[in-house]
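Structure file start-v4.cif with mmCIF, C-alpha atoms:
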data_upload
#
loop_
_atom_site.label_atom_id
_atom_site.label_comp_id
_atom_site.auth_asym_id
_atom_site.auth_seq_id
_atom_site.Cartn_x
_atom_site.Cartn_y
_atom_site.Cartn_z
CA MET A 23 7.98 4.39 19.84
CA MET A 24 5.77 1.75 21.29
CA GLU A 25 7.31 1.06 24.69
CA ASP A 26 5.27 3.73 26.46
CA SER A 27 2.11 2.64 28.23
CA HIS A 28 -0.38 1.01 25.91
CA GLY A 29 -2.95 3.74 26.26
CA GLN A 30 -0.68 6.48 24.99
CA GLY A 31 0.78 4.40 22.20
CA ASP A 32 -2.67 3.43 20.97
CA GLU A 33 -3.88 6.97 21.01
CA ARG A 34 -0.97 8.13 18.95
CA GLN A 35 -1.48 5.24 16.56
CA ASP A 36 -5.16 6.11 16.21
CA ARG A 37 -4.38 9.69 15.39
CA GLN A 38 -1.76 8.61 12.91
CA PHE A 39 -4.19 6.21 11.30
CA ALA A 40 -6.78 8.93 10.72
CA GLU A 41 -4.15 11.39 9.44
CA VAL A 42 -2.71 8.94 6.98
CA PHE A 43 -5.89 7.35 5.68
CA LEU A 44 -8.68 9.93 5.83
CA PRO A 45 -7.17 11.95 2.93
CA HIS A 46 -7.89 8.88 0.77
CA LEU A 47 -11.60 9.03 1.52
CA ASP A 48 -12.63 10.51 -1.83
CA ALA A 49 -10.49 8.07 -3.80
CA ALA A 50 -11.92 5.14 -1.86
CA TYR A 51 -15.46 6.39 -2.28
CA ASN A 52 -15.03 7.00 -5.99
CA LEU A 53 -13.79 3.45 -6.59
CA ALA A 54 -16.54 1.92 -4.45
CA ARG A 55 -19.22 4.07 -6.06
CA TRP A 56 -18.11 3.09 -9.56
CA LEU A 57 -17.93 -0.60 -8.68
CA LEU A 58 -21.14 -0.84 -6.66
CA ARG A 59 -23.13 1.86 -8.48
CA SER A 60 -25.06 2.89 -5.39
CA ASP A 61 -24.36 5.77 -3.00
CA HIS A 62 -25.60 3.82 -0.07
CA ASP A 63 -23.61 0.63 -0.75
CA ALA A 64 -20.49 2.64 -1.50
CA GLU A 65 -20.74 4.51 1.81
CA ASP A 66 -21.22 1.31 3.80
CA CYS A 67 -18.37 -0.36 2.00
CA VAL A 68 -15.97 2.55 2.59
CA GLN A 69 -16.87 2.76 6.26
CA ASP A 70 -16.29 -0.97 6.61
CA ALA A 71 -12.96 -0.62 4.82
CA TYR A 72 -11.82 2.03 7.33
CA LEU A 73 -12.70 -0.23 10.24
CA ARG A 74 -10.87 -3.17 8.74
CA ALA A 75 -7.85 -1.08 7.83
CA TYR A 76 -7.81 0.32 11.35
CA LYS A 77 -7.74 -3.16 12.85
CA ALA A 78 -5.07 -4.33 10.43
CA PHE A 79 -3.00 -1.13 10.82
CA PRO A 80 -0.64 -2.52 13.52
CA ARG A 81 0.42 -5.14 10.97
CA PHE A 82 0.87 -2.60 8.17
CA ARG A 83 4.61 -2.31 7.60
CA GLY A 84 4.90 0.94 5.70
CA GLY A 85 5.12 1.00 1.91
CA ASP A 86 2.35 2.40 -0.23
CA GLY A 87 -0.41 3.13 2.28
CA LYS A 88 -2.87 4.27 -0.34
CA ALA A 89 -2.51 1.12 -2.45
CA TRP A 90 -2.82 -0.99 0.69
CA PHE A 91 -6.02 0.78 1.66
CA MET A 92 -7.49 0.74 -1.86
CA THR A 93 -6.92 -3.03 -1.97
CA ILE A 94 -9.09 -3.38 1.13
CA VAL A 95 -11.81 -1.21 -0.43
CA ARG A 96 -11.68 -3.14 -3.67
CA ASN A 97 -11.88 -6.53 -2.01
CA LEU A 98 -14.89 -5.46 0.03
CA CYS A 99 -16.61 -4.23 -3.14
CA TYR A 100 -16.12 -7.60 -4.80
CA THR A 101 -17.43 -9.44 -1.75
CA GLN A 102 -20.49 -7.22 -1.92
CA LEU A 103 -20.90 -7.73 -5.67
CA LYS A 104 -20.73 -11.48 -5.25
CA LYS A 105 -23.28 -11.36 -2.48
CA ALA A 106 -25.68 -9.26 -4.52
CA GLN A 107 -25.10 -11.40 -7.60
CA THR A 108 -25.09 -8.26 -9.71
CA HIS A 109 -21.70 -9.36 -10.97
CA GLU A 110 -22.37 -9.91 -14.65
CA SER A 111 -20.22 -13.01 -14.70
CA GLY A 112 -22.29 -14.59 -17.44
CA GLU A 113 -20.45 -12.40 -19.90
CA SER A 114 -17.33 -13.97 -21.35
CA PHE A 115 -14.33 -12.46 -19.65
CA ASP A 116 -12.23 -11.88 -22.70
CA GLU A 117 -8.86 -10.22 -22.15
CA GLU A 118 -7.74 -10.43 -25.74
CA ILE A 119 -7.10 -7.12 -27.40
CA HIS A 120 -8.73 -7.04 -30.77
CA GLY A 121 -7.53 -3.72 -32.12
CA GLY A 122 -9.09 -4.33 -35.51
CA ALA A 123 -9.59 -1.90 -38.35
CA GLU A 124 -11.72 0.39 -36.18
CA ALA A 125 -9.31 3.24 -36.37
CA ALA A 126 -10.99 6.27 -37.84
CA GLN A 127 -13.47 6.83 -35.04
CA ALA A 128 -11.76 9.40 -32.89
CA GLU A 129 -14.05 12.12 -34.24
CA GLU A 130 -17.26 10.19 -33.63
CA LEU A 131 -16.03 9.27 -30.15
CA ARG A 132 -15.35 12.89 -29.24
CA ARG A 133 -18.78 13.90 -30.45
CA LYS A 134 -20.68 11.18 -28.61
CA ALA A 135 -18.72 10.99 -25.37
CA ASP A 136 -20.58 13.44 -23.15
CA ALA A 137 -20.80 12.96 -19.38
CA GLU A 138 -24.07 11.05 -19.47
CA THR A 139 -23.06 8.65 -22.24
CA LEU A 140 -19.77 8.01 -20.50
CA GLN A 141 -21.35 7.23 -17.19
CA LEU A 142 -23.82 4.83 -18.80
CA SER A 143 -21.24 3.18 -21.03
CA LEU A 144 -18.66 2.77 -18.29
CA GLY A 145 -21.37 1.35 -16.04
CA LYS A 146 -22.03 -1.38 -18.60
CA LEU A 147 -18.49 -2.78 -18.49
CA PRO A 148 -17.84 -5.77 -16.22
CA PRO A 149 -16.36 -4.54 -12.93
CA GLU A 150 -12.91 -6.01 -13.67
CA PHE A 151 -12.67 -3.71 -16.68
CA ARG A 152 -14.48 -0.76 -15.15
CA GLU A 153 -12.07 -0.63 -12.23
CA MET A 154 -9.05 -0.45 -14.56
CA ILE A 155 -10.39 2.73 -16.14
CA VAL A 156 -11.45 4.24 -12.82
CA LEU A 157 -8.11 3.51 -11.16
CA HIS A 158 -6.05 4.78 -14.07
CA ASP A 159 -7.96 7.60 -15.70
CA LEU A 160 -9.91 8.96 -12.75
CA GLU A 161 -7.66 8.16 -9.81
CA GLY A 162 -4.32 8.55 -11.59
CA HIS A 163 -2.74 5.29 -10.43
CA SER A 164 0.26 3.92 -12.33
CA TYR A 165 0.18 0.39 -13.77
CA LYS A 166 2.40 -0.76 -10.92
CA GLU A 167 0.03 0.60 -8.28
CA MET A 168 -2.95 -0.93 -10.08
CA ALA A 169 -1.19 -4.29 -10.13
CA ALA A 170 -0.82 -4.07 -6.35
CA ILE A 171 -4.42 -2.97 -5.79
CA ALA A 172 -6.03 -5.57 -8.04
CA ALA A 173 -3.45 -8.27 -7.18
CA ILE A 174 -2.67 -9.06 -10.82
CA PRO A 175 0.60 -8.92 -12.82
CA ILE A 176 1.51 -5.64 -14.56
CA GLY A 177 1.16 -7.37 -17.94
CA THR A 178 -2.44 -8.16 -17.08
CA VAL A 179 -3.04 -4.55 -16.03
CA MET A 180 -1.77 -3.47 -19.43
CA SER A 181 -3.94 -5.86 -21.45
CA ARG A 182 -7.00 -5.43 -19.24
CA LEU A 183 -6.89 -1.64 -19.40
CA ALA A 184 -6.46 -1.81 -23.18
CA ARG A 185 -9.38 -4.21 -23.45
CA ALA A 186 -11.44 -2.03 -21.12
CA ARG A 187 -10.89 1.00 -23.34
CA GLU A 188 -11.84 -1.05 -26.40
CA LYS A 189 -15.05 -2.14 -24.73
CA LEU A 190 -15.80 1.37 -23.58
CA ARG A 191 -15.21 2.66 -27.09
CA ASP A 192 -17.64 0.08 -28.47
CA GLU A 193 -20.26 1.00 -25.88
CA ILE A 194 -19.92 4.71 -26.65
CA LEU A 195 -20.10 4.14 -30.39
CA ALA A 196 -23.17 1.93 -29.95
CA SER A 197 -24.97 4.56 -27.88
CA PRO A 198 -27.58 6.74 -29.58
CA GLU A 199 -26.56 10.16 -30.84
CA THR A 200 -27.49 12.85 -28.30
CA SER A 201 -29.12 16.05 -29.37
CA HIS A 202 -26.53 18.32 -27.81
CA GLY A 203 -23.62 16.85 -29.77
CA MET A 204 -22.07 19.35 -32.11
CA MET B 22 7.75 -3.98 -35.27
CA GLU B 23 4.53 -4.97 -36.97
CA CYS B 24 0.98 -3.82 -36.35
CA LYS B 25 0.04 -6.93 -34.44
CA GLU B 26 2.95 -6.47 -32.05
CA VAL B 27 2.24 -2.78 -31.71
CA SER B 28 -1.45 -2.84 -30.98
CA PRO B 29 -1.28 -4.45 -27.49
CA LEU B 30 1.26 -1.78 -26.54
CA LEU B 31 -0.58 1.30 -27.77
CA ASN B 32 -2.39 1.98 -24.49
CA ALA B 33 0.76 1.55 -22.41
CA TYR B 34 2.47 3.93 -24.82
CA LEU B 35 -0.30 6.52 -24.38
CA ASP B 36 -0.06 6.15 -20.61
CA GLY B 37 3.70 6.64 -20.59
CA GLU B 38 4.24 3.15 -19.18
CA LEU B 39 6.53 1.71 -21.85
CA ASP B 40 10.26 1.34 -21.35
CA LEU B 41 12.46 3.53 -23.49
CA THR B 42 13.64 0.87 -25.97
CA THR B 43 10.13 -0.35 -26.75
CA CYS B 44 9.01 3.27 -27.02
CA VAL B 45 11.64 4.01 -29.63
CA SER B 46 10.79 1.04 -31.84
CA LEU B 47 7.07 1.72 -31.45
CA GLU B 48 7.52 5.32 -32.51
CA ALA B 49 9.47 4.17 -35.54
CA HIS B 50 6.52 1.99 -36.49
CA LEU B 51 4.02 4.80 -35.87
CA ALA B 52 5.92 7.15 -38.14
CA ALA B 53 5.45 4.67 -40.97
CA CYS B 54 1.93 3.37 -40.22
CA PRO B 55 -1.11 5.66 -40.60
CA ALA B 56 -3.50 2.92 -39.36
CA CYS B 57 -1.72 2.62 -36.02
CA ARG B 58 -1.55 6.40 -35.75
CA GLN B 59 -5.32 6.45 -36.07
CA ARG B 60 -5.63 3.77 -33.41
CA ILE B 61 -3.52 5.92 -31.11
CA GLU B 62 -5.81 8.84 -31.80
CA ALA B 63 -8.92 6.80 -30.95
CA GLY B 64 -7.25 5.58 -27.76
CA GLN B 65 -6.38 9.14 -26.84
CA ALA B 66 -9.95 10.23 -27.45
CA ILE B 67 -11.26 7.54 -25.08
CA ALA B 68 -8.81 8.29 -22.30
CA ALA B 69 -9.38 12.04 -22.63
CA ALA B 70 -13.16 11.61 -22.63
CA VAL B 71 -13.00 9.62 -19.39
CA ARG B 72 -10.69 12.14 -17.75
CA GLU B 73 -12.77 15.12 -18.79
CA GLN B 74 -16.31 13.80 -18.72
CA ALA B 75 -16.68 10.86 -16.36
CA PRO B 76 -17.79 12.03 -12.91
CA ARG B 77 -15.42 11.50 -10.00
CA PHE B 78 -17.73 10.82 -7.09
CA SER B 79 -16.82 12.55 -3.81
CA ALA B 80 -17.77 11.29 -0.42
CA SER B 81 -20.31 13.40 1.43
CA PRO B 82 -18.91 15.31 4.43
CA TYR B 83 -21.28 13.28 6.52
CA LEU B 84 -19.45 10.07 5.63
CA ALA B 85 -16.17 11.37 7.06
CA THR B 86 -17.94 12.19 10.32
CA ARG B 87 -19.55 8.78 10.38
CA ILE B 88 -16.20 7.06 9.83
CA ARG B 89 -14.46 9.10 12.55
CA ALA B 90 -17.23 8.14 14.95
CA SER B 91 -17.03 4.46 14.10
CA LEU B 92 -13.24 4.52 14.50
CA ARG B 93 -13.59 6.11 17.94
CA GLU B 94 -16.04 3.41 18.87
CA ALA B 95 -13.76 0.66 17.61
CA GLU B 96 -10.83 1.98 19.60
CA SER B 97 -12.34 1.88 23.11
CA PRO B 98 -12.05 -1.86 23.80
CA HIS B 99 -9.18 -1.89 21.32
CA GLY B 100 -9.84 -5.12 19.42
CA ASN B 101 -8.36 -8.30 20.74
CA MET B 102 -4.70 -8.98 21.30
CA THR B 103 -3.20 -9.15 17.86
CA GLY B 104 0.27 -9.08 16.40
CA TRP B 105 2.98 -7.88 18.72
CA LYS B 106 0.51 -7.25 21.52
CA ALA B 107 -0.03 -10.98 21.94
CA LEU B 108 3.67 -11.63 22.63
CA PRO B 109 4.88 -12.02 26.21
CA ILE B 110 5.80 -8.61 27.53
CA ALA B 111 9.41 -9.65 28.29
CA TRP B 112 9.99 -10.53 24.65
CA ILE B 113 8.67 -7.20 23.59
CA TYR B 114 10.97 -5.35 25.92
CA SER B 115 14.04 -7.27 24.86
CA ALA B 116 13.15 -6.85 21.19
CA LEU B 117 12.59 -3.16 21.75
CA ALA B 118 15.90 -2.81 23.55
CA GLY B 119 17.59 -4.37 20.54
CA VAL B 120 15.74 -2.17 18.09
CA LEU B 121 16.48 0.90 20.16
CA GLY B 122 20.16 0.03 20.23
CA ILE B 123 20.24 -0.30 16.47
CA ILE B 124 18.38 2.97 16.02
CA ILE B 125 20.73 4.86 18.32
CA PHE B 126 23.69 3.37 16.52
CA ALA B 127 22.21 4.21 13.14
CA ALA B 128 21.30 7.73 14.18
CA ALA B 129 24.77 8.39 15.47
CA PHE B 130 26.87 6.86 12.74
CA LEU B 131 24.98 5.92 9.65
CA SER B 132 21.75 7.27 8.34
CA PRO B 133 21.62 11.08 8.47
CA VAL B 134 17.84 11.34 8.38
CA THR B 135 15.26 8.75 9.37
CA GLU B 136 11.51 8.75 9.07
CA SER B 137 11.27 9.63 12.75
CA SER B 138 13.32 12.81 12.42
CA PRO B 139 11.31 15.96 13.14
CA LEU B 140 11.88 17.34 9.64
CA ILE B 141 10.20 14.31 8.04
CA GLN B 142 7.39 14.21 10.59
CA VAL B 143 6.57 17.89 10.08
CA ALA B 144 6.92 17.65 6.29
CA MET B 145 4.54 14.68 6.27
CA ALA B 146 2.01 16.57 8.37
CA ASP B 147 2.34 19.60 6.03
CA HIS B 148 1.86 17.40 2.99
CA ILE B 149 -1.16 15.59 4.41
CA ARG B 150 -2.75 18.85 5.53
CA SER B 151 -2.21 20.24 2.05
CA LEU B 152 -4.22 17.34 0.58
CA GLN B 153 -7.29 18.31 2.54
CA VAL B 154 -9.74 20.38 0.62
CA GLY B 155 -8.81 24.02 0.22
CA HIS B 156 -5.38 23.81 1.87
CA LEU B 157 -3.26 22.94 -1.09
CA MET B 158 -2.64 26.37 -2.52
CA ASP B 159 -2.75 30.01 -1.53
CA VAL B 160 -1.90 31.15 -5.02
CA ILE B 161 -3.35 29.06 -7.79
CA SER B 162 -1.52 29.43 -11.02
CA THR B 163 0.19 27.38 -13.66
CA ASP B 164 2.42 30.35 -14.46
CA GLN B 165 5.79 30.53 -12.74
CA HIS B 166 5.80 34.30 -13.25
CA THR B 167 2.69 34.57 -11.06
CA VAL B 168 3.77 32.13 -8.40
CA LYS B 169 7.27 33.51 -7.83
CA PRO B 170 6.32 37.17 -7.21
CA TRP B 171 3.51 36.04 -4.92
CA PHE B 172 6.15 34.98 -2.37
CA MET B 173 7.83 38.41 -2.37
CA GLY B 174 6.97 40.28 0.77
CA ARG B 175 5.75 37.07 2.34
CA LEU B 176 9.19 35.52 2.75
CA ASP B 177 12.64 37.00 3.39
CA TYR B 178 14.06 35.05 0.45
CA SER B 179 12.96 34.38 -3.06
CA PRO B 180 12.37 30.75 -4.05
CA GLN B 181 13.02 29.74 -7.62
CA VAL B 182 9.89 28.53 -9.36
CA VAL B 183 10.33 26.46 -12.50
CA ASP B 184 7.63 25.15 -14.78
CA LEU B 185 7.82 21.47 -15.59
CA GLY B 186 4.52 21.34 -17.47
CA PRO B 187 6.15 20.26 -20.73
CA SER B 188 7.84 17.38 -18.87
CA GLY B 189 4.56 16.14 -17.44
CA PHE B 190 4.72 17.77 -14.01
CA PRO B 191 2.50 20.84 -14.34
CA LEU B 192 2.91 23.60 -11.79
CA VAL B 193 -0.40 24.20 -10.01
CA GLY B 194 0.41 26.79 -7.37
CA GLY B 195 2.15 27.65 -4.16
CA ARG B 196 1.55 28.45 -0.52
CA LEU B 197 3.33 29.36 2.70
CA ASP B 198 3.97 26.55 5.14
CA VAL B 199 6.02 25.93 8.26
CA LEU B 200 8.96 23.54 8.28
CA ASP B 201 12.33 23.37 10.03
CA HIS B 202 11.08 25.98 12.56
CA ARG B 203 10.45 28.67 9.98
CA GLN B 204 8.16 29.83 7.20
CA VAL B 205 8.96 28.13 3.95
CA ALA B 206 7.71 28.23 0.38
CA ALA B 207 5.72 25.20 -0.74
CA ILE B 208 5.48 24.91 -4.51
CA VAL B 209 2.84 22.48 -5.69
CA TYR B 210 3.19 20.31 -8.78
CA GLN B 211 0.97 17.56 -10.08
CA ARG B 212 1.49 14.29 -11.88
CA ARG B 213 -1.79 12.69 -12.90
CA LYS B 214 -3.81 12.96 -9.66
CA HIS B 215 -0.77 12.94 -7.38
CA ASP B 216 0.29 16.15 -5.67
CA ILE B 217 3.93 16.94 -5.12
CA ASN B 218 4.88 19.49 -2.48
CA LEU B 219 8.31 21.01 -3.04
CA PHE B 220 9.46 22.89 0.06
CA ILE B 221 12.18 25.48 -0.45
CA TRP B 222 14.00 27.40 2.28
CA PRO B 223 17.48 28.83 2.92
CA GLU B 224 20.12 26.34 4.02
CA THR B 225 20.13 25.90 7.80
CA GLY B 226 22.42 22.94 8.39
CA THR B 227 19.43 20.68 9.04
CA ARG B 228 20.20 17.31 7.49
CA LEU B 229 18.04 16.29 4.54
CA PRO B 230 17.05 12.84 3.28
CA THR B 231 19.48 12.91 0.35
CA THR B 232 18.50 9.39 -0.58
CA LEU B 233 14.78 8.75 -0.89
CA ILE B 234 13.04 7.61 2.27
CA THR B 235 9.48 6.35 2.61
CA HIS B 236 7.18 6.86 5.54
CA ASN B 237 3.54 5.82 5.65
CA GLY B 238 3.43 5.55 1.89
CA TYR B 239 4.85 9.02 1.28
CA HIS B 240 8.27 9.51 -0.25
CA PHE B 241 10.76 12.20 0.78
CA VAL B 242 13.81 13.42 -1.12
CA GLY B 243 15.90 16.42 -0.12
CA TRP B 244 18.99 18.21 -1.35
CA THR B 245 20.82 21.52 -1.07
CA GLN B 246 21.48 23.65 -4.09
CA SER B 247 22.77 27.25 -4.36
CA GLY B 248 22.36 27.82 -0.65
CA MET B 249 18.76 26.59 -0.56
CA ASN B 250 17.29 23.48 1.00
CA TYR B 251 14.82 21.54 -1.14
CA LEU B 252 12.50 18.81 0.09
CA ALA B 253 10.07 17.03 -2.24
CA VAL B 254 7.19 15.06 -0.70
CA SER B 255 4.67 12.94 -2.58
CA ASP B 256 2.95 9.59 -2.78
CA LEU B 257 3.94 9.40 -6.43
CA ALA B 258 5.83 6.22 -7.44
CA GLU B 259 9.50 6.39 -6.40
CA GLY B 260 10.85 6.38 -9.95
CA GLU B 261 8.61 9.23 -11.04
CA LEU B 262 9.48 11.31 -8.00
CA GLY B 263 13.13 10.65 -8.88
CA ASP B 264 12.49 12.01 -12.39
CA PHE B 265 10.80 15.06 -10.91
CA VAL B 266 13.75 15.79 -8.61
CA LYS B 267 16.19 15.37 -11.47
CA LEU B 268 14.25 17.86 -13.60
CA ILE B 269 14.02 20.41 -10.79
CA ARG B 270 17.74 20.12 -10.11
CA GLU B 271 18.57 20.58 -13.76
CA GLN B 272 16.38 23.61 -14.20
CA THR B 273 17.28 25.36 -10.96
CA ASN B 274 20.55 27.22 -11.07
#

Would you mind writing the file out in structure tokens?
Amino acid sequence: MMEDSHGQGDERQDRQFAEVFLPHLDAAYNLARWLLRSDHDAEDCVQDAYLRAYKAFPRFRGGDGKAWFMTIVRNLCYTQLKKAQTHESGESFDEEIHGGAEAAQAEELRRKADAETLQLSLGKLPPEFREMIVLHDLEGHSYKEMAAIAAIPIGTVMSRLARAREKLRDEILASPETSHGM
Amino acid sequence: MECKEVSPLLNAYLDGELDLTTCVSLEAHLAACPACRQRIEAGQAIAAAVREQAPRFSASPYLATRIRASLREAESPHGNMTGWKALPIAWIYSALAGVLGIIIFAAAFLSPVTESSPLIQVAMADHIRSLQVGHLMDVISTDQHTVKPWFMGRLDYSPQVVDLGPSGFPLVGGRLDVLDHRQVAAIVYQRRKHDINLFIWPETGTRLPTTLITHNGYHFVGWTQSGMNYLAVSDLAEGELGDFVKLIREQTN
């Protein structure tokens, strides 16, 4: 507990902090790298996130540590995006799901969606959509966890992820056919 | 249900995030509507393409070193007085005395296992260590008939290994670990990207967290069945870990 001398208590807390949060390094880096699209910026952002989390750790009252930490990472990414003005906010931020008559494209999608096309197409989505796909399909977060990380209602997670996949589908379908498709 | 009600729900359906009632009426619609079935298929293709093809960037080993160093640096003049540290020391002591009293009372009469009990502390350390690269599994297999015999000769008991792949919790392997002062079997399952460690060892009388407890974002559930102790540890959402435990209990005899 924390009634022992400050020095000892702090040391234990420090060790605990590293044990609990360093296993999330790859997840944090992956999110930052996808949002910022630069190795260097992602590394700086993640390092900054660890420092901030470390300082805020005494106020962290248990619960989902990973979601708490990912929220810090995400917020720092957005601060950075705003600063760099790379945030493509000119684009209309349309959360409506269209779900039109575009059904019979599964085959074409499978053929076109190689690693390179995916990376390019996903990179073209606005960050608010990109992060939904990264958090869900790459990091395996549930809707509830995503709602906590992005600070939005679960209903919004649902519609935004759906919209993100629609946009991604459109980007993939609009991309040129690659030679090594089958 | 009509197509226009169904289409905003298709992704949640694919992701297993719909409640049971909505699921049932949506499936009824799907059975009758080829267009929505095709939409589902396109949605599946997208999600699968991302999972299989999109790169998951990993941090360079150098970044971890850099972060450890910056944390060490930050800790020396440990920030400024924040939170409870800023309170007058007398308040802290009286608050602590109160808290301590409650904890002693609780330990003696109420809660059998708390997050500070050695079993939970060690299990958390085991789980966290297992998440670090290369520590998760000694035997990597999705086949229960490979994992179970692997423990023979390594342990003086034989843990039951069940496969929950069809229920969405694929078996990924097993390893030896240390818990409750002895060697135990750790069976590893996965749900999406979340690892679940299921520790199994012969009943010792050590008390288990029979109702779910949470510590540092990890959940712990334990029970005893057929003379064996079971302890599941994961950062998976509570409800899903509950489902996992239920399935294991049903399929273990």

Can you work out the spacing between CA of Tyr210 (chain B) and CA of Leu192 (chain B) in Å, to one decimal? 4.5 Å

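What chain A places within 6 Å of chain B, counting all atoms listed in the file, is Asp48, Tyr51, Asn52, Gln69, Gly84, Gly85, Asp86, Gly87, Ala125, Ala126, Ala128, Ala137, Leu140, Gln141, Asp159, Leu160, Gly162 and Ala184 of chain A.
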
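Here CA of Met154 (chain A) is placed at a distance of 27.0 Å from CA of His50 (chain B).
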
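Residues captured in this structure file are B:Glu136, B:Ser137, B:Ser138, B:Pro139, B:Leu140, B:Ile141, B:Gln142, B:Ala144, B:Met145, B:Ala146, B:Asp147, B:His148, B:Ile149, B:Arg150, B:Asp198, B:Val199, B:Leu200, B:Asp201, B:His202, B:Arg203, B:Phe220, B:His236, B:Phe241, B:Leu252, B:Val254, according to the PyMOL selection byres ((chain B and resi 143) around 12).
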
For a test of reading the model, state the distance in Å between CA of Arg187 (chain A) and CA of Leu144 (chain A), rounded to one decimal. 9.4 Å

Could you write out as a compact mmCIF listing (two decimals) with C-alpha atoms, in the coordinates of the input the residues that the PyMOL selection byres ((chain B and resi 248-250) around 12) matches in the shown file?
# COMPACT_ATOMS: atom_id res chain seq x y z
CA LEU B 140 11.88 17.34 9.64
CA TYR B 178 14.06 35.05 0.45
CA SER B 179 12.96 34.38 -3.06
CA PRO B 180 12.37 30.75 -4.05
CA GLN B 181 13.02 29.74 -7.62
CA LEU B 200 8.96 23.54 8.28
CA ASP B 201 12.33 23.37 10.03
CA VAL B 205 8.96 28.13 3.95
CA ALA B 206 7.71 28.23 0.38
CA ALA B 207 5.72 25.20 -0.74
CA LEU B 219 8.31 21.01 -3.04
CA PHE B 220 9.46 22.89 0.06
CA ILE B 221 12.18 25.48 -0.45
CA TRP B 222 14.00 27.40 2.28
CA PRO B 223 17.48 28.83 2.92
CA GLU B 224 20.12 26.34 4.02
CA THR B 225 20.13 25.90 7.80
CA GLY B 226 22.42 22.94 8.39
CA THR B 227 19.43 20.68 9.04
CA ARG B 228 20.20 17.31 7.49
CA LEU B 229 18.04 16.29 4.54
CA PRO B 230 17.05 12.84 3.28
CA THR B 231 19.48 12.91 0.35
CA VAL B 242 13.81 13.42 -1.12
CA GLY B 243 15.90 16.42 -0.12
CA TRP B 244 18.99 18.21 -1.35
CA THR B 245 20.82 21.52 -1.07
CA GLN B 246 21.48 23.65 -4.09
CA SER B 247 22.77 27.25 -4.36
CA TYR B 251 14.82 21.54 -1.14
CA LEU B 252 12.50 18.81 0.09
CA ALA B 253 10.07 17.03 -2.24
CA ARG B 270 17.74 20.12 -10.11
CA THR B 273 17.28 25.36 -10.96
CA ASN B 274 20.55 27.22 -11.07

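If you count all atoms listed in the file and ignore residues fewer than 5 places along the chain from region 173-175 of chain A, what sits within 12 Å of it is A:Ala89, A:Trp90, A:Met92, A:Thr93, A:Ile94, A:Arg96, A:Asn97, A:Glu150, A:Met154, A:Tyr165, A:Lys166, A:Glu167, A:Met168, A:Met180, A:Ser181, A:Arg182.
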
Identify, on the basis of only C-alpha atoms, every residue whose closest approach to Phe91 (chain A) does not exceed 9 Å; exclude the query and any residue fewer than 5 positions from it along the same chain; express the result as a PyMOL selection string. chain A and resi 43+46+50+71-72+75+86+96+171

Would you save the residues of that selection, restricted to C-alpha atoms, as a PDB file, in the coordinates of the input?
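Once written, again_12.pdb looks like this:
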ATOM      1  CA  PHE A  43      -5.890   7.350   5.680  1.00  0.00           C
ATOM      2  CA  HIS A  46      -7.890   8.880   0.770  1.00  0.00           C
ATOM      3  CA  ALA A  50     -11.920   5.140  -1.860  1.00  0.00           C
ATOM      4  CA  ALA A  71     -12.960  -0.620   4.820  1.00  0.00           C
ATOM      5  CA  TYR A  72     -11.820   2.030   7.330  1.00  0.00           C
ATOM      6  CA  ALA A  75      -7.850  -1.080   7.830  1.00  0.00           C
ATOM      7  CA  ASP A  86       2.350   2.400  -0.230  1.00  0.00           C
ATOM      8  CA  ARG A  96     -11.680  -3.140  -3.670  1.00  0.00           C
ATOM      9  CA  ILE A 171      -4.420  -2.970  -5.790  1.00  0.00           C
TER      10      ILE A 171
END

Applying 9 Å and all atoms listed in the file, which residues near region 170-176 of chain B remain after dropping the ones on its own chain fewer than 4 positions away? List them as an NGL selection string. :B and (160 or 165-166 or 180 or 195-197 or 204-206)

Residues within 7 Å of (-19.0, -3.6, -3.6), file coordinates, counting only C-alpha atoms: what are they? Give the list as a PDB file with C-alpha atoms, in the coordinates of the input.
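Contents of selection_27.pdb, as written:
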ATOM      1  CA  ALA A  54     -16.540   1.920  -4.450  1.00  0.00           C
ATOM      2  CA  LEU A  57     -17.930  -0.600  -8.680  1.00  0.00           C
ATOM      3  CA  LEU A  58     -21.140  -0.840  -6.660  1.00  0.00           C
ATOM      4  CA  ASP A  63     -23.610   0.630  -0.750  1.00  0.00           C
ATOM      5  CA  ALA A  64     -20.490   2.640  -1.500  1.00  0.00           C
ATOM      6  CA  CYS A  67     -18.370  -0.360   2.000  1.00  0.00           C
ATOM      7  CA  LEU A  98     -14.890  -5.460   0.030  1.00  0.00           C
ATOM      8  CA  CYS A  99     -16.610  -4.230  -3.140  1.00  0.00           C
ATOM      9  CA  TYR A 100     -16.120  -7.600  -4.800  1.00  0.00           C
ATOM     10  CA  THR A 101     -17.430  -9.440  -1.750  1.00  0.00           C
ATOM     11  CA  GLN A 102     -20.490  -7.220  -1.920  1.00  0.00           C
ATOM     12  CA  LEU A 103     -20.900  -7.730  -5.670  1.00  0.00           C
TER      13      LEU A 103
END
